[in-house]
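Quick notes on the structure that follows.
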Amino acid sequence: MSLALAVADPGKLGDPLWIALLACAIGSRLVAVDLRSTIFISGAFLCGILAAGFLGPAGAFVLPVAAELVGWTVERYRPLPLLINVAGTTLPTVLAAVAFTAMDLDHESAVFAIALALAAFAVLLVNIVFVDLDRAVAFGTPLREGLKPPVHLFPAFALNIALVTGIGAVYAQTGFAVIALVLVALVAFTYMMRLVMVARERTREYANLSWGVLSGLIRTLDARDHRAARHCAAVARFARDIAAHVGMTEREQELAHTAGLLHDIGRFALSDRVMERGVVLTEDDWTAIRRHPELGAEMLRDIGVYGPISEIIVAHHERPDGKGYPKRLAAEEIPEIAKIIAVAEVYDTLTAPDTYRTRLSSFEALTELRRVAGKQLDAGYVEALAELLAGQGTDYRHADAADYDEELAIERRMNEAAGG
């Protein structure tokens with residue numbers, strides 16, 4: 001049917017607008033990228049609707065077919081998805097062109113602009129159906145149940161409809177020269193979006209590798225010291241909850257949680273002798289232990305995407321009285337989240353069943369924390385922890401069952417690190 005219409009009504013295939021739209025559609029198709037998002041702009045789609053509105057069925061048929069075939073020659077995917085893609089782009093666009101031809105509207109009228117917007121919306125809905133069919137054929141995924149309206153895509157629909165209506169109005173009022181510039185800008189925008197998405201994908205891959213390396217180091221550390229993973233999970237949970245309790249932002253809460261998970265990663269570089277329990281430590285051993293915050297921070301800096309966390313980790317053994325390590329920072333010089341990590345770490349160490357010392361009850365541990373508040377620990381965060389623990393059960397207060405995998409939530413972190 002589409003081919004018959006194109007032959008019967010050759011339209012304006014020699015029109016400079018059609019040539020510009022064809023070039024834009026092919027260019028957009030070649031630099032297209034899956035944004036994996038509900039917000040997208042399709043240059044080929046915009047060109048197809050404009051061809052339907054201004055150039056008739058022939059232009060509306062040839063343009064999407066040419067763009068898809070050029071894309072196929074580069075990507076070389078299977079013939080059946082190619083046919084589905086061609087049908088999904090040409091059939092609704094040609095039908096829209098037939099409707100425009102039948103109505104014969106003044107291109108400068110408001111009615112034409114409304115018709116262009118409605119046609120764009122209808123074509124987008126049909127495209128969604130064909131996309132589902134394409135995925136079902138290519139990947140065996142089920143078609144949307146009952147072809148439910150894609151509500152989550154409506155913001156993207158609105159953006160595309162607004163653009164096609166606006167570009168149509170610009171062409172109707174100013175002619176070819178201005179719209180040619182707009183179309184060049186559209187292809188350039190599509191290409192820039194491709195660069196952004198490629199960069200995001202590489203960041204995602206890098207983040208995946210980074211988190212895999214870091215979690216592997218913690219597990220190796222746990223194999224040498226069986227308290228390590230549980231302790232890191234407990235410190236992460238307490239630190240996040242303290243940060244939330246004192247009103248820190250979600251980003252700061254996440255930083256506190258992540259820093260808690262990784263605060264002892266520098267211990268990985270310590271010798272087996274230092275890691276053994278019951279060993280009498282020499283002054284050299286204590287010097288090495290005091291270096292573990294710096295070692296952990298250096299490891300994170302080398303990985304590259306954890307700058308703020310490395311600044312927290314290097315300071316989590318500093319003290320308000322300036323007698324901590326490694327830099328003997330005092331009071332306001334210490335990052336706030338590092339102060340929270342210090343409180344969470346000392347509390348868990350005192351109450352844990354797998355510690356080096358006699359286990360204290362939660363009440364006894366809070367009494368000890370208050371005793372050193374203002375000197376070893378920040379007094380405000382000690383009281384914040386006390387308020388947080390009030391009314392909590394033993395499971396929370398002692399964190400015996402803190403689970404590193406659960407706190408790590410590695411898939412979520414990978415997605416967030418990539419912006420996804």
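Naming scheme: A, B, ... for chains in displayed order of the structure tokens; residues 1 onward per chain; ligands 1 onward as shown.
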For Leu17 of chain A, list every protein, DNA or RNA residue within 9 Å, evaluated using only C-alpha atoms, and leave out those in the same chain fewer than 4 positions away; present the list as an mmCIF file with C-alpha atoms, in the first residue's frame.
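That gives us part-v5.cif:
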```
data_model
loop_
_atom_site.group_PDB
_atom_site.id
_atom_site.type_symbol
_atom_site.label_atom_id
_atom_site.label_comp_id
_atom_site.auth_asym_id
_atom_site.auth_seq_id
_atom_site.Cartn_x
_atom_site.Cartn_y
_atom_site.Cartn_z
ATOM 1 C CA LYS A 12 7.981 16.876 -4.067
ATOM 2 C CA LEU A 13 11.020 14.602 -4.044
ATOM 3 C CA LEU A 21 15.101 16.219 5.639
ATOM 4 C CA LEU A 22 16.581 13.135 3.991
ATOM 5 C CA ALA A 51 7.892 15.130 5.374
ATOM 6 C CA PHE A 54 4.888 19.278 3.898
ATOM 7 C CA LEU A 55 5.894 16.828 1.163
ATOM 8 C CA PHE A 176 14.017 26.730 3.778
ATOM 9 C CA ILE A 179 14.898 25.173 8.837
ATOM 10 C CA ALA A 180 18.100 23.903 7.204
#
```
Per DSSP on the backbone, what are the alpha helix (DSSP H) residues of segment 360-393 of chain A, as a PDB file with N, CA and C atoms, in the first residue's frame?
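What landed in states_26.pdb:
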```pdb
ATOM      1  N   SER A 362      25.275  -2.312  74.799  1.00  0.00           N
ATOM      2  CA  SER A 362      25.059  -1.035  74.131  1.00  0.00           C
ATOM      3  C   SER A 362      25.135   0.124  75.129  1.00  0.00           C
ATOM      4  N   PHE A 363      24.547  -0.060  76.314  1.00  0.00           N
ATOM      5  CA  PHE A 363      24.581   0.986  77.335  1.00  0.00           C
ATOM      6  C   PHE A 363      26.014   1.271  77.774  1.00  0.00           C
ATOM      7  N   GLU A 364      26.780   0.206  78.002  1.00  0.00           N
ATOM      8  CA  GLU A 364      28.175   0.379  78.425  1.00  0.00           C
ATOM      9  C   GLU A 364      28.997   1.077  77.335  1.00  0.00           C
ATOM     10  N   ALA A 365      28.727   0.709  76.082  1.00  0.00           N
ATOM     11  CA  ALA A 365      29.469   1.315  74.968  1.00  0.00           C
ATOM     12  C   ALA A 365      29.159   2.800  74.855  1.00  0.00           C
ATOM     13  N   LEU A 366      27.883   3.164  74.991  1.00  0.00           N
ATOM     14  CA  LEU A 366      27.518   4.579  74.938  1.00  0.00           C
ATOM     15  C   LEU A 366      28.136   5.355  76.097  1.00  0.00           C
ATOM     16  N   THR A 367      28.214   4.729  77.263  1.00  0.00           N
ATOM     17  CA  THR A 367      28.865   5.371  78.400  1.00  0.00           C
ATOM     18  C   THR A 367      30.330   5.659  78.087  1.00  0.00           C
ATOM     19  N   GLU A 368      30.996   4.688  77.438  1.00  0.00           N
ATOM     20  CA  GLU A 368      32.406   4.871  77.076  1.00  0.00           C
ATOM     21  C   GLU A 368      32.549   5.952  76.004  1.00  0.00           C
ATOM     22  N   LEU A 369      31.653   5.949  75.021  1.00  0.00           N
ATOM     23  CA  LEU A 369      31.704   6.972  73.975  1.00  0.00           C
ATOM     24  C   LEU A 369      31.525   8.366  74.570  1.00  0.00           C
ATOM     25  N   ARG A 370      30.612   8.484  75.521  1.00  0.00           N
ATOM     26  CA  ARG A 370      30.404   9.791  76.155  1.00  0.00           C
ATOM     27  C   ARG A 370      31.618  10.209  76.984  1.00  0.00           C
ATOM     28  N   ARG A 371      32.314   9.225  77.531  1.00  0.00           N
ATOM     29  CA  ARG A 371      33.501   9.538  78.341  1.00  0.00           C
ATOM     30  C   ARG A 371      34.589  10.183  77.490  1.00  0.00           C
ATOM     31  N   VAL A 372      34.731   9.713  76.224  1.00  0.00           N
ATOM     32  CA  VAL A 372      35.796  10.242  75.364  1.00  0.00           C
ATOM     33  C   VAL A 372      35.277  11.311  74.395  1.00  0.00           C
ATOM     34  N   ALA A 379      31.372  15.012  70.107  1.00  0.00           N
ATOM     35  CA  ALA A 379      30.310  14.869  71.101  1.00  0.00           C
ATOM     36  C   ALA A 379      28.919  14.906  70.463  1.00  0.00           C
ATOM     37  N   GLY A 380      28.734  15.755  69.459  1.00  0.00           N
ATOM     38  CA  GLY A 380      27.430  15.866  68.815  1.00  0.00           C
ATOM     39  C   GLY A 380      27.002  14.575  68.152  1.00  0.00           C
ATOM     40  N   TYR A 381      27.915  13.901  67.478  1.00  0.00           N
ATOM     41  CA  TYR A 381      27.566  12.658  66.796  1.00  0.00           C
ATOM     42  C   TYR A 381      27.439  11.496  67.771  1.00  0.00           C
ATOM     43  N   VAL A 382      28.130  11.559  68.905  1.00  0.00           N
ATOM     44  CA  VAL A 382      27.924  10.553  69.954  1.00  0.00           C
ATOM     45  C   VAL A 382      26.485  10.629  70.455  1.00  0.00           C
ATOM     46  N   GLU A 383      26.000  11.837  70.718  1.00  0.00           N
ATOM     47  CA  GLU A 383      24.623  12.004  71.192  1.00  0.00           C
ATOM     48  C   GLU A 383      23.623  11.645  70.095  1.00  0.00           C
ATOM     49  N   ALA A 384      23.976  11.926  68.857  1.00  0.00           N
ATOM     50  CA  ALA A 384      23.090  11.536  67.747  1.00  0.00           C
ATOM     51  C   ALA A 384      22.934  10.016  67.704  1.00  0.00           C
ATOM     52  N   LEU A 385      24.035   9.298  67.905  1.00  0.00           N
ATOM     53  CA  LEU A 385      23.970   7.840  67.935  1.00  0.00           C
ATOM     54  C   LEU A 385      23.126   7.370  69.118  1.00  0.00           C
ATOM     55  N   ALA A 386      23.289   8.004  70.270  1.00  0.00           N
ATOM     56  CA  ALA A 386      22.508   7.624  71.447  1.00  0.00           C
ATOM     57  C   ALA A 386      21.012   7.812  71.197  1.00  0.00           C
ATOM     58  N   GLU A 387      20.647   8.914  70.563  1.00  0.00           N
ATOM     59  CA  GLU A 387      19.244   9.167  70.230  1.00  0.00           C
ATOM     60  C   GLU A 387      18.738   8.141  69.219  1.00  0.00           C
ATOM     61  N   LEU A 388      19.586   7.799  68.275  1.00  0.00           N
ATOM     62  CA  LEU A 388      19.221   6.826  67.248  1.00  0.00           C
ATOM     63  C   LEU A 388      18.966   5.450  67.845  1.00  0.00           C
ATOM     64  N   LEU A 389      19.780   5.059  68.837  1.00  0.00           N
ATOM     65  CA  LEU A 389      19.675   3.731  69.432  1.00  0.00           C
ATOM     66  C   LEU A 389      18.508   3.613  70.406  1.00  0.00           C
TER      67      LEU A 389
END
```
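By chain and then residue number, the residues within 10 Å of Pro335 of chain A are Glu311, Ile312, Ile313, Val314, Ala315, His316, Glu318, Leu329, Ala331, Lys339 and Ile340 of chain A, counting only C-alpha atoms and disregarding those fewer than 4 positions away in sequence.
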Would you output that residue set with N, CA and C atoms, as an mmCIF file, in the first residue's frame?
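The resulting part_1.cif:
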```
data_model
loop_
_atom_site.group_PDB
_atom_site.id
_atom_site.type_symbol
_atom_site.label_atom_id
_atom_site.label_comp_id
_atom_site.auth_asym_id
_atom_site.auth_seq_id
_atom_site.Cartn_x
_atom_site.Cartn_y
_atom_site.Cartn_z
ATOM 1 N N GLU A 311 38.828 11.239 50.914
ATOM 2 C CA GLU A 311 39.070 12.307 51.886
ATOM 3 C C GLU A 311 38.454 11.971 53.239
ATOM 4 N N ILE A 312 37.342 11.262 53.229
ATOM 5 C CA ILE A 312 36.705 10.837 54.478
ATOM 6 C C ILE A 312 37.516 9.731 55.132
ATOM 7 N N ILE A 313 37.910 8.742 54.328
ATOM 8 C CA ILE A 313 38.605 7.577 54.871
ATOM 9 C C ILE A 313 39.953 7.958 55.470
ATOM 10 N N VAL A 314 40.680 8.874 54.832
ATOM 11 C CA VAL A 314 41.995 9.236 55.350
ATOM 12 C C VAL A 314 41.881 9.925 56.704
ATOM 13 N N ALA A 315 40.686 10.455 57.035
ATOM 14 C CA ALA A 315 40.533 11.221 58.277
ATOM 15 C C ALA A 315 39.708 10.505 59.343
ATOM 16 N N HIS A 316 39.340 9.242 59.127
ATOM 17 C CA HIS A 316 38.394 8.643 60.067
ATOM 18 C C HIS A 316 39.020 8.237 61.402
ATOM 19 N N GLU A 318 41.192 10.552 62.826
ATOM 20 C CA GLU A 318 41.558 11.834 63.436
ATOM 21 C C GLU A 318 40.664 12.077 64.651
ATOM 22 N N LEU A 329 44.766 16.148 62.607
ATOM 23 C CA LEU A 329 43.779 17.204 62.413
ATOM 24 C C LEU A 329 42.978 17.399 63.694
ATOM 25 N N ALA A 331 39.251 19.124 65.449
ATOM 26 C CA ALA A 331 37.933 19.768 65.423
ATOM 27 C C ALA A 331 37.429 20.016 64.000
ATOM 28 N N LYS A 339 34.010 12.184 61.050
ATOM 29 C CA LYS A 339 33.669 12.152 62.480
ATOM 30 C C LYS A 339 32.573 11.120 62.750
ATOM 31 N N ILE A 340 31.606 11.042 61.818
ATOM 32 C CA ILE A 340 30.526 10.054 61.965
ATOM 33 C C ILE A 340 31.073 8.639 61.864
#
```
Checklist outcome for this item: atom CA of Val343 of chain A sits from atom CA of Pro326 of chain A at a separation of 17.3 Å
Item to check | From A:Thr101, A:Leu270, A:Gly175, A:Ile337, residue lying nearest Ala244 of chain A [only C-alpha atoms] | outcome: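 Checking each of A:Thr101, A:Leu270, A:Gly175, A:Ile337 against Ala244 of chain A, counting only C-alpha atoms, the winner is A:Ile337.
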Next on the checklist: Residues within 12 Å of segment 254-259 of chain A, please, as a PyMOL selection string. Count only C-alpha atoms; anything in the same chain fewer than 6 positions from it doesn't count.
Outcome noted: chain A and resi 211+214-215+232-244+248+265+293+296-297+300+306-316+335-345+404+407-410+412-413+416-417
